[in-house]
$ cat target-v2.pdb   # PDB, C-alpha atoms and all ligand atoms
ATOM      1  CA  MET A   1       0.000   0.000   0.000  1.00  0.00           C
ATOM      2  CA  ASN A   2       2.908   2.325   0.567  1.00  0.00           C
ATOM      3  CA  GLU A   3       4.536   2.037  -2.788  1.00  0.00           C
ATOM      4  CA  MET A   4       3.422   3.317  -6.095  1.00  0.00           C
ATOM      5  CA  GLU A   5       2.227   0.420  -8.120  1.00  0.00           C
ATOM      6  CA  SER A   6       0.210  -0.143 -11.206  1.00  0.00           C
ATOM      7  CA  PHE A   7      -0.519  -2.932 -13.592  1.00  0.00           C
ATOM      8  CA  ASN A   8      -2.208  -3.281 -16.882  1.00  0.00           C
ATOM      9  CA  HIS A   9      -2.798  -6.000 -19.387  1.00  0.00           C
ATOM     10  CA  CYS A  10      -4.940  -6.963 -22.377  1.00  0.00           C
ATOM     11  CA  CYS A  11      -4.830  -5.288 -25.741  1.00  0.00           C
ATOM     12  CA  SER A  12      -3.637  -1.734 -26.035  1.00  0.00           C
ATOM     13  CA  ASP A  13      -7.101  -0.283 -26.380  1.00  0.00           C
ATOM     14  CA  ASN A  14      -8.451  -2.269 -23.478  1.00  0.00           C
ATOM     15  CA  VAL A  15      -6.418  -1.516 -20.405  1.00  0.00           C
ATOM     16  CA  HIS A  16      -7.156  -2.034 -16.739  1.00  0.00           C
ATOM     17  CA  MET A  17      -5.233  -0.066 -14.204  1.00  0.00           C
ATOM     18  CA  LEU A  18      -5.098  -0.362 -10.469  1.00  0.00           C
ATOM     19  CA  LYS A  19      -3.097   2.456  -8.966  1.00  0.00           C
ATOM     20  CA  SER A  20      -1.898   2.817  -5.442  1.00  0.00           C
ATOM     21  CA  SER A  21      -0.295   6.168  -4.816  1.00  0.00           C
ATOM     22  CA  GLY A  22       1.322   6.458  -1.427  1.00  0.00           C
ATOM     23  CA  SER A  23      -0.891   6.335   1.633  1.00  0.00           C
ATOM     24  CA  GLN A  24      -3.990   4.275   2.152  1.00  0.00           C
ATOM     25  CA  SER A  25      -6.034   7.462   2.175  1.00  0.00           C
ATOM     26  CA  ASP A  26      -5.051   8.244  -1.374  1.00  0.00           C
ATOM     27  CA  MET A  27      -7.718   7.512  -3.905  1.00  0.00           C
ATOM     28  CA  GLN A  28      -7.202   4.214  -5.678  1.00  0.00           C
ATOM     29  CA  GLN A  29      -8.876   3.938  -8.999  1.00  0.00           C
ATOM     30  CA  TYR A  30      -9.955   1.170 -11.268  1.00  0.00           C
ATOM     31  CA  SER A  31     -10.428   2.098 -14.876  1.00  0.00           C
ATOM     32  CA  ASP A  32     -11.473  -0.026 -17.742  1.00  0.00           C
ATOM     33  CA  LYS A  33     -13.087  -0.071 -21.102  1.00  0.00           C
ATOM     34  CA  MET A  34     -15.562  -2.884 -21.012  1.00  0.00           C
ATOM     35  CA  ASP A  35     -15.850  -5.763 -23.412  1.00  0.00           C
ATOM     36  CA  PHE A  36     -17.626  -9.008 -22.583  1.00  0.00           C
ATOM     37  CA  GLU A  37     -15.456 -11.080 -24.893  1.00  0.00           C
ATOM     38  CA  GLY A  38     -12.456  -9.824 -23.006  1.00  0.00           C
ATOM     39  CA  HIS A  39     -10.115  -8.665 -25.723  1.00  0.00           C
ATOM     40  CA  ASN A  40     -11.874  -7.518 -28.862  1.00  0.00           C
ATOM     41  CA  GLY A  41     -14.393  -4.978 -29.901  1.00  0.00           C
ATOM     42  CA  CYS A  42     -13.836  -2.621 -26.994  1.00  0.00           C
ATOM     43  CA  GLU A  43     -16.560  -0.088 -26.502  1.00  0.00           C
ATOM     44  CA  GLU A  44     -16.294   3.431 -25.184  1.00  0.00           C
ATOM     45  CA  ASP A  45     -17.907   2.466 -21.944  1.00  0.00           C
ATOM     46  CA  GLU A  46     -15.448   3.293 -19.209  1.00  0.00           C
ATOM     47  CA  ILE A  47     -15.906   2.309 -15.595  1.00  0.00           C
ATOM     48  CA  THR A  48     -13.969   3.769 -12.710  1.00  0.00           C
ATOM     49  CA  LEU A  49     -14.083   1.924  -9.415  1.00  0.00           C
ATOM     50  CA  ASN A  50     -12.039   2.011  -6.263  1.00  0.00           C
ATOM     51  CA  PRO A  51     -10.619  -1.335  -5.166  1.00  0.00           C
ATOM     52  CA  PRO A  52     -13.148  -2.783  -2.706  1.00  0.00           C
ATOM     53  CA  GLN A  53     -12.285  -2.273   0.946  1.00  0.00           C
ATOM     54  CA  ASN A  54     -14.761  -4.883   2.125  1.00  0.00           C
ATOM     55  CA  LEU A  55     -17.137  -7.542   0.851  1.00  0.00           C
ATOM     56  CA  GLN A  56     -20.041  -5.127   0.483  1.00  0.00           C
ATOM     57  CA  GLU A  57     -17.961  -2.820  -1.698  1.00  0.00           C
ATOM     58  CA  LEU A  58     -16.939  -5.834  -3.759  1.00  0.00           C
ATOM     59  CA  ILE A  59     -20.576  -6.760  -4.325  1.00  0.00           C
ATOM     60  CA  GLU A  60     -21.602  -3.213  -5.193  1.00  0.00           C
ATOM     61  CA  GLY A  61     -18.657  -2.824  -7.569  1.00  0.00           C
ATOM     62  CA  LEU A  62     -19.502  -6.083  -9.302  1.00  0.00           C
ATOM     63  CA  LYS A  63     -23.056  -4.828  -9.815  1.00  0.00           C
ATOM     64  CA  VAL A  64     -21.674  -1.714 -11.480  1.00  0.00           C
ATOM     65  CA  ILE A  65     -19.419  -3.788 -13.742  1.00  0.00           C
ATOM     66  CA  PHE A  66     -22.257  -6.122 -14.694  1.00  0.00           C
ATOM     67  CA  SER A  67     -24.690  -3.275 -15.291  1.00  0.00           C
ATOM     68  CA  LYS A  68     -22.895  -2.669 -18.586  1.00  0.00           C
ATOM     69  CA  GLU A  69     -23.914  -4.361 -21.783  1.00  0.00           C
ATOM     70  CA  LYS A  70     -20.483  -5.905 -22.144  1.00  0.00           C
ATOM     71  CA  VAL A  71     -18.330  -7.193 -19.330  1.00  0.00           C
ATOM     72  CA  ASN A  72     -14.607  -7.802 -19.395  1.00  0.00           C
ATOM     73  CA  THR A  73     -13.869 -10.965 -17.440  1.00  0.00           C
ATOM     74  CA  ASP A  74     -10.273  -9.865 -16.897  1.00  0.00           C
ATOM     75  CA  LEU A  75     -11.563  -6.777 -15.130  1.00  0.00           C
ATOM     76  CA  VAL A  76     -13.872  -8.878 -12.977  1.00  0.00           C
ATOM     77  CA  LYS A  77     -10.960 -11.135 -12.086  1.00  0.00           C
ATOM     78  CA  ASP A  78      -8.748  -8.184 -11.164  1.00  0.00           C
ATOM     79  CA  PHE A  79     -11.507  -6.553  -9.155  1.00  0.00           C
ATOM     80  CA  MET A  80     -12.170  -9.744  -7.210  1.00  0.00           C
ATOM     81  CA  THR A  81      -8.438 -10.220  -6.654  1.00  0.00           C
ATOM     82  CA  SER A  82      -8.135  -6.717  -5.195  1.00  0.00           C
ATOM     83  CA  TYR A  83     -10.593  -7.583  -2.409  1.00  0.00           C
ATOM     84  CA  LYS A  84      -8.604  -8.782   0.597  1.00  0.00           C
ATOM     85  CA  SER A  85     -10.424 -11.595   2.332  1.00  0.00           C
ATOM     86  CA  ASN A  86     -11.702 -10.765   5.807  1.00  0.00           C
ATOM     87  CA  ILE A  87     -13.436 -13.550   7.687  1.00  0.00           C
ATOM     88  CA  LYS A  88     -15.573 -11.102   9.670  1.00  0.00           C
ATOM     89  CA  GLU A  89     -17.239 -10.075   6.431  1.00  0.00           C
ATOM     90  CA  TRP A  90     -18.081 -13.509   5.045  1.00  0.00           C
ATOM     91  CA  LYS A  91     -18.365 -15.821   8.044  1.00  0.00           C
ATOM     92  CA  LYS A  92     -22.178 -15.474   8.125  1.00  0.00           C
ATOM     93  CA  PHE A  93     -22.233 -17.241   4.740  1.00  0.00           C
ATOM     94  CA  ALA A  94     -19.646 -19.893   5.623  1.00  0.00           C
ATOM     95  CA  LYS A  95     -21.714 -22.925   6.602  1.00  0.00           C
ATOM     96  CA  PHE A  96     -20.012 -26.308   6.508  1.00  0.00           C
ATOM     97  CA  ASP A  97     -21.463 -29.764   6.191  1.00  0.00           C
ATOM     98  CA  LYS A  98     -19.520 -32.826   7.287  1.00  0.00           C
ATOM     99  CA  HIS A  99     -20.676 -34.915   4.319  1.00  0.00           C
ATOM    100  CA  ARG A 100     -20.021 -32.668   1.325  1.00  0.00           C
ATOM    101  CA  TYR A 101     -19.034 -29.158   0.384  1.00  0.00           C
ATOM    102  CA  THR A 102     -21.781 -26.532   0.603  1.00  0.00           C
ATOM    103  CA  ARG A 103     -22.921 -23.729  -1.706  1.00  0.00           C
ATOM    104  CA  ASN A 104     -24.222 -20.627   0.055  1.00  0.00           C
ATOM    105  CA  LEU A 105     -25.839 -17.824  -1.923  1.00  0.00           C
ATOM    106  CA  VAL A 106     -24.566 -14.352  -1.068  1.00  0.00           C
ATOM    107  CA  ASP A 107     -26.088 -12.137  -3.745  1.00  0.00           C
ATOM    108  CA  GLU A 108     -28.116 -12.500  -6.932  1.00  0.00           C
ATOM    109  CA  GLY A 109     -26.315  -9.658  -8.685  1.00  0.00           C
ATOM    110  CA  ASN A 110     -29.425  -7.942 -10.053  1.00  0.00           C
ATOM    111  CA  GLY A 111     -30.049 -11.059 -12.113  1.00  0.00           C
ATOM    112  CA  LYS A 112     -26.740 -10.717 -13.957  1.00  0.00           C
ATOM    113  CA  PHE A 113     -24.667 -13.027 -11.769  1.00  0.00           C
ATOM    114  CA  ASN A 114     -24.833 -15.253  -8.728  1.00  0.00           C
ATOM    115  CA  LEU A 115     -22.263 -14.754  -6.000  1.00  0.00           C
ATOM    116  CA  MET A 116     -21.826 -17.548  -3.492  1.00  0.00           C
ATOM    117  CA  VAL A 117     -19.548 -18.865  -0.784  1.00  0.00           C
ATOM    118  CA  LEU A 118     -18.504 -22.493  -1.035  1.00  0.00           C
ATOM    119  CA  CYS A 119     -17.283 -24.261   2.086  1.00  0.00           C
ATOM    120  CA  TRP A 120     -14.910 -27.198   1.832  1.00  0.00           C
ATOM    121  CA  ASN A 121     -14.196 -29.372   4.809  1.00  0.00           C
ATOM    122  CA  GLU A 122     -10.908 -31.231   4.878  1.00  0.00           C
ATOM    123  CA  ALA A 123     -10.453 -33.302   1.679  1.00  0.00           C
ATOM    124  CA  GLN A 124     -13.897 -32.458   0.271  1.00  0.00           C
ATOM    125  CA  GLY A 125     -14.145 -31.899  -3.474  1.00  0.00           C
ATOM    126  CA  SER A 126     -16.506 -31.559  -6.408  1.00  0.00           C
ATOM    127  CA  SER A 127     -16.978 -33.922  -9.304  1.00  0.00           C
ATOM    128  CA  ILE A 128     -15.677 -33.054 -12.766  1.00  0.00           C
ATOM    129  CA  HIS A 129     -18.186 -30.580 -14.180  1.00  0.00           C
ATOM    130  CA  SER A 130     -19.031 -28.090 -16.899  1.00  0.00           C
ATOM    131  CA  HIS A 131     -20.380 -24.552 -16.425  1.00  0.00           C
ATOM    132  CA  ALA A 132     -23.536 -24.184 -18.539  1.00  0.00           C
ATOM    133  CA  ASN A 133     -21.920 -21.688 -20.943  1.00  0.00           C
ATOM    134  CA  SER A 134     -21.403 -19.263 -18.087  1.00  0.00           C
ATOM    135  CA  HIS A 135     -18.353 -17.312 -17.000  1.00  0.00           C
ATOM    136  CA  CYS A 136     -17.080 -18.633 -13.682  1.00  0.00           C
ATOM    137  CA  LEU A 137     -14.677 -16.974 -11.295  1.00  0.00           C
ATOM    138  CA  MET A 138     -13.468 -18.442  -8.031  1.00  0.00           C
ATOM    139  CA  LYS A 139     -11.675 -16.464  -5.344  1.00  0.00           C
ATOM    140  CA  VAL A 140     -10.091 -18.189  -2.383  1.00  0.00           C
ATOM    141  CA  LEU A 141     -11.241 -16.651   0.894  1.00  0.00           C
ATOM    142  CA  ASP A 142      -9.494 -19.111   3.199  1.00  0.00           C
ATOM    143  CA  GLY A 143      -7.186 -22.072   2.855  1.00  0.00           C
ATOM    144  CA  THR A 144      -5.902 -23.364  -0.480  1.00  0.00           C
ATOM    145  CA  VAL A 145      -7.907 -25.138  -3.166  1.00  0.00           C
ATOM    146  CA  GLN A 146      -6.748 -27.363  -5.977  1.00  0.00           C
ATOM    147  CA  GLU A 147      -8.199 -27.329  -9.470  1.00  0.00           C
ATOM    148  CA  GLN A 148      -7.771 -30.188 -11.923  1.00  0.00           C
ATOM    149  CA  LEU A 149      -8.493 -29.231 -15.533  1.00  0.00           C
ATOM    150  CA  TYR A 150      -9.779 -31.752 -18.079  1.00  0.00           C
ATOM    151  CA  ASP A 151     -10.486 -31.747 -21.785  1.00  0.00           C
ATOM    152  CA  TRP A 152     -14.046 -32.446 -22.865  1.00  0.00           C
ATOM    153  CA  PRO A 153     -14.451 -36.153 -23.656  1.00  0.00           C
ATOM    154  CA  THR A 154     -15.272 -36.749 -27.324  1.00  0.00           C
ATOM    155  CA  GLU A 155     -17.767 -39.216 -28.763  1.00  0.00           C
ATOM    156  CA  SER A 156     -14.935 -41.198 -30.317  1.00  0.00           C
ATOM    157  CA  ASP A 157     -13.312 -41.610 -26.918  1.00  0.00           C
ATOM    158  CA  GLY A 158     -15.897 -44.230 -25.979  1.00  0.00           C
ATOM    159  CA  GLU A 159     -15.525 -45.180 -22.352  1.00  0.00           C
ATOM    160  CA  HIS A 160     -12.268 -43.777 -21.088  1.00  0.00           C
ATOM    161  CA  LYS A 161     -10.833 -42.657 -17.825  1.00  0.00           C
ATOM    162  CA  MET A 162     -10.540 -38.891 -17.747  1.00  0.00           C
ATOM    163  CA  VAL A 163      -7.032 -37.650 -17.069  1.00  0.00           C
ATOM    164  CA  PRO A 164      -6.319 -34.140 -15.745  1.00  0.00           C
ATOM    165  CA  GLN A 165      -4.341 -31.996 -18.183  1.00  0.00           C
ATOM    166  CA  HIS A 166      -3.336 -29.390 -15.642  1.00  0.00           C
ATOM    167  CA  VAL A 167      -3.382 -29.055 -11.879  1.00  0.00           C
ATOM    168  CA  ASN A 168      -3.450 -25.625 -10.280  1.00  0.00           C
ATOM    169  CA  GLN A 169      -3.346 -24.633  -6.648  1.00  0.00           C
ATOM    170  CA  TYR A 170      -4.831 -21.345  -5.513  1.00  0.00           C
ATOM    171  CA  PRO A 171      -3.974 -19.877  -2.123  1.00  0.00           C
ATOM    172  CA  ARG A 172      -5.980 -17.299  -0.195  1.00  0.00           C
ATOM    173  CA  ASN A 173      -7.008 -14.231  -2.242  1.00  0.00           C
ATOM    174  CA  GLN A 174      -6.133 -15.658  -5.659  1.00  0.00           C
ATOM    175  CA  VAL A 175      -8.815 -15.854  -8.337  1.00  0.00           C
ATOM    176  CA  ALA A 176      -9.294 -18.548 -10.990  1.00  0.00           C
ATOM    177  CA  TYR A 177     -11.385 -18.264 -14.140  1.00  0.00           C
ATOM    178  CA  ILE A 178     -13.002 -20.945 -16.280  1.00  0.00           C
ATOM    179  CA  ASN A 179     -15.649 -21.310 -18.937  1.00  0.00           C
ATOM    180  CA  ASP A 180     -16.712 -24.237 -21.113  1.00  0.00           C
ATOM    181  CA  ASP A 181     -14.362 -23.219 -23.926  1.00  0.00           C
ATOM    182  CA  LEU A 182     -11.435 -23.790 -21.574  1.00  0.00           C
ATOM    183  CA  GLY A 183     -12.617 -27.258 -20.605  1.00  0.00           C
ATOM    184  CA  LEU A 184     -13.889 -28.996 -17.514  1.00  0.00           C
ATOM    185  CA  HIS A 185     -12.593 -29.010 -13.992  1.00  0.00           C
ATOM    186  CA  ARG A 186     -12.965 -30.362 -10.528  1.00  0.00           C
ATOM    187  CA  VAL A 187     -12.167 -28.395  -7.397  1.00  0.00           C
ATOM    188  CA  GLU A 188     -11.106 -29.790  -4.056  1.00  0.00           C
ATOM    189  CA  ASN A 189      -9.647 -28.891  -0.728  1.00  0.00           C
ATOM    190  CA  PRO A 190      -6.464 -30.965  -0.764  1.00  0.00           C
ATOM    191  CA  SER A 191      -5.750 -30.386   2.918  1.00  0.00           C
ATOM    192  CA  HIS A 192      -6.495 -33.053   5.514  1.00  0.00           C
ATOM    193  CA  SER A 193      -6.089 -30.591   8.360  1.00  0.00           C
ATOM    194  CA  ASP A 194      -7.519 -27.254   7.192  1.00  0.00           C
ATOM    195  CA  LYS A 195     -10.874 -26.153   5.851  1.00  0.00           C
ATOM    196  CA  ALA A 196     -11.164 -23.980   2.751  1.00  0.00           C
ATOM    197  CA  VAL A 197     -13.653 -21.287   1.721  1.00  0.00           C
ATOM    198  CA  THR A 198     -14.102 -19.895  -1.784  1.00  0.00           C
ATOM    199  CA  LEU A 199     -16.182 -17.108  -3.318  1.00  0.00           C
ATOM    200  CA  HIS A 200     -17.714 -17.946  -6.713  1.00  0.00           C
ATOM    201  CA  LEU A 201     -19.255 -15.682  -9.317  1.00  0.00           C
ATOM    202  CA  TYR A 202     -21.287 -17.217 -12.168  1.00  0.00           C
ATOM    203  CA  SER A 203     -22.618 -15.117 -15.022  1.00  0.00           C
ATOM    204  CA  PRO A 204     -25.194 -15.646 -16.248  1.00  0.00           C
ATOM    205  CA  PRO A 205     -26.570 -17.585 -13.268  1.00  0.00           C
ATOM    206  CA  PHE A 206     -27.433 -21.228 -13.911  1.00  0.00           C
ATOM    207  CA  ASP A 207     -29.110 -24.002 -11.984  1.00  0.00           C
ATOM    208  CA  GLU A 208     -28.001 -26.988 -13.990  1.00  0.00           C
ATOM    209  CA  CYS A 209     -24.724 -28.160 -15.468  1.00  0.00           C
ATOM    210  CA  GLU A 210     -23.108 -31.453 -16.386  1.00  0.00           C
ATOM    211  CA  SER A 211     -21.199 -33.778 -14.113  1.00  0.00           C
ATOM    212  CA  PHE A 212     -18.718 -36.298 -15.510  1.00  0.00           C
ATOM    213  CA  ASP A 213     -17.687 -39.717 -14.286  1.00  0.00           C
ATOM    214  CA  GLU A 214     -13.911 -39.685 -14.043  1.00  0.00           C
ATOM    215  CA  LYS A 215     -13.682 -43.424 -14.684  1.00  0.00           C
ATOM    216  CA  THR A 216     -15.746 -43.491 -17.894  1.00  0.00           C
ATOM    217  CA  GLY A 217     -16.190 -39.934 -19.176  1.00  0.00           C
ATOM    218  CA  HIS A 218     -19.950 -40.410 -19.073  1.00  0.00           C
ATOM    219  CA  LYS A 219     -21.951 -37.337 -18.176  1.00  0.00           C
ATOM    220  CA  ASN A 220     -25.064 -36.651 -16.115  1.00  0.00           C
ATOM    221  CA  LYS A 221     -27.169 -33.577 -15.622  1.00  0.00           C
ATOM    222  CA  ALA A 222     -26.325 -31.978 -12.315  1.00  0.00           C
ATOM    223  CA  ARG A 223     -28.653 -29.588 -10.571  1.00  0.00           C
ATOM    224  CA  VAL A 224     -26.914 -26.975  -8.481  1.00  0.00           C
ATOM    225  CA  THR A 225     -28.410 -26.263  -5.085  1.00  0.00           C
ATOM    226  CA  PHE A 226     -27.892 -23.912  -2.178  1.00  0.00           C
ATOM    227  CA  TRP A 227     -27.224 -25.073   1.363  1.00  0.00           C
ATOM    228  CA  SER A 228     -28.122 -21.552   2.520  1.00  0.00           C
ATOM    229  CA  LYS A 229     -29.284 -18.268   1.026  1.00  0.00           C
ATOM    230  CA  PHE A 230     -28.300 -14.836   2.337  1.00  0.00           C
ATOM    231  CA  GLY A 231     -26.944 -16.392   5.524  1.00  0.00           C
ATOM    232  CA  HIS A 232     -29.995 -18.525   6.296  1.00  0.00           C
ATOM    233  CA  ARG A 233     -30.267 -22.301   5.928  1.00  0.00           C
ATOM    234  CA  THR A 234     -32.369 -23.251   2.937  1.00  0.00           C
ATOM    235  CA  PRO A 235     -35.582 -24.898   4.259  1.00  0.00           C
ATOM    236  CA  PHE A 236     -35.617 -28.678   4.071  1.00  0.00           C
ATOM    237  CA  GLY A 237     -37.039 -29.828   0.749  1.00  0.00           C
ATOM    238  CA  LYS A 238     -36.309 -26.486  -0.901  1.00  0.00           C
ATOM    239  CA  THR A 239     -32.720 -27.108  -1.786  1.00  0.00           C
ATOM    240  CA  GLY A 240     -33.725 -28.069  -5.292  1.00  0.00           C
ATOM    241  CA  VAL A 241     -32.229 -31.534  -4.963  1.00  0.00           C
ATOM    242  CA  ASP A 242     -34.026 -33.794  -7.376  1.00  0.00           C
ATOM    243  CA  ALA A 243     -33.576 -37.542  -7.317  1.00  0.00           C
ATOM    244  CA  SER A 244     -33.233 -37.556 -11.103  1.00  0.00           C
ATOM    245  CA  PHE A 245     -30.192 -35.340 -10.910  1.00  0.00           C
ATOM    246  CA  VAL A 246     -26.775 -35.758  -9.424  1.00  0.00           C
ATOM    247  CA  PRO A 247     -26.765 -33.079  -6.708  1.00  0.00           C
ATOM    248  CA  GLU A 248     -23.454 -31.558  -7.567  1.00  0.00           C
ATOM    249  CA  ASN A 249     -21.509 -28.741  -8.466  1.00  0.00           C
ATOM    250  CA  ASN A 250     -20.251 -25.341  -8.896  1.00  0.00           C
TER     251      ASN A 250
HETATM  252 FE    FE B 301     -16.563 -25.122 -11.383  1.00  0.00          FE
END
$ encode --input "target-v2.pdb" --output "structure tokens"
Amino acid sequence: MNEMESFNHCCSDNVHMLKSSGSQSDMQQYSDKMDFEGHNGCEEDEITLNPPQNLQELIEGLKVIFSKEKVNTDLVKDFMTSYKSNIKEWKKFAKFDKHRYTRNLVDEGNGKFNLMVLCWNEAQGSSIHSHANSHCLMKVLDGTVQEQLYDWPTESDGEHKMVPQHVNQYPRNQVAYINDDLGLHRVENPSHSDKAVTLHLYSPPFDECESFDEKTGHKNKARVTFWSKFGHRTPFGKTGVDASFVPENN
């Protein structure tokens, strides 16, 4: 915070900048020209935001970003990264279950995105899954999570064990991005001694994706459900779990 710093990336006409200029009281500014595809066709639609100082500012800033017709996912990633996790701000959403990881809705993003906290007990993980053509960002709030990335199985593959092509580990405050064009993934808390908590943004929101059997590559529809909404346990029978679906995924 005490040193001048800035960063930018993307194409020359589509630049994000986060500037820190001396003391914490100095104005920090986020500027961007928005583009939902990320790198092309930039529009003259500039947004200026301060880096969020707390979770509420993060949510409000995300609503501003997603109020535009086009959204730059790199900007969203940078904005989420610039939020420094503070357990006091998100603990009301962090509800664990001993049997499986939980999904806890934080905000519905004016219908443009869903923001949720996922809670991973020791060694809990998701199945391999797709993301319903949505943009998906995952920020680590606590602990470290591991992501295994897979290629989509092809029809000609027949029945084949799925093999991860990449393995990434994300510590506290880092943000990962995925969409269906990049492939499939599974997320887990690799620790046997520490819990993990992650903050996920999905745009547009979805309530169904596909879950894949690692041993065969076969897929099933997977309905996504919430263990709690806005800090309150989802009433029994209202979680959306349907016996015809595999109750999975993020
Ligand atoms: Fe995911």
$ resolve_selection --input "target-v2.pdb" --expression "the PyMOL selection byres (((not hetatm)) within 8 of (chain B and resi 301))" --output "list of chain:residue names"
A:His129, A:Ser130, A:His131, A:Cys136, A:Ile178, A:Leu184, A:His185, A:Arg186, A:Val187, A:Asn249, A:Asn250
$ atom_distance --input "target-v2.pdb" --atom1 "atom CA of Gly217 of chain A" --atom2 "atom CA of Tyr202 of chain A"
24.3 Å
$ residues_around --input "target-v2.pdb" --residues "segment 191-194 of chain A" --least-positions-apart "3" --cutoff "8 Å" --atoms "only C-alpha atoms" --output "list in words"
Asn121, Glu122, Ala123, Gly143 and Thr144 of chain A
$ resolve_selection --input "target-v2.pdb" --expression "the PyMOL selection byres (((chain A and resi 150) around 7) and not hetatm)" --output "CSV table (one decimal) with C-alpha atoms, keeping the file's coordinate frame"
chain,number,residue,atom,x,y,z
A,148,GLN,CA,-7.8,-30.2,-11.9
A,149,LEU,CA,-8.5,-29.2,-15.5
A,151,ASP,CA,-10.5,-31.7,-21.8
A,152,TRP,CA,-14.0,-32.4,-22.9
A,163,VAL,CA,-7.0,-37.6,-17.1
A,164,PRO,CA,-6.3,-34.1,-15.7
A,165,GLN,CA,-4.3,-32.0,-18.2
A,183,GLY,CA,-12.6,-27.3,-20.6
A,184,LEU,CA,-13.9,-29.0,-17.5
A,185,HIS,CA,-12.6,-29.0,-14.0
$ closest_residue --input "target-v2.pdb" --among "A:Glu46, A:Glu147, A:Glu89, A:Asp74" --to "Ile59 of chain A" --atoms "all atoms listed in the file"
A:Glu89
$ atom_distance --input "target-v2.pdb" --atom1 "atom CA of Asp207 of chain A" --atom2 "atom CA of Ala222 of chain A"
8.5 Å
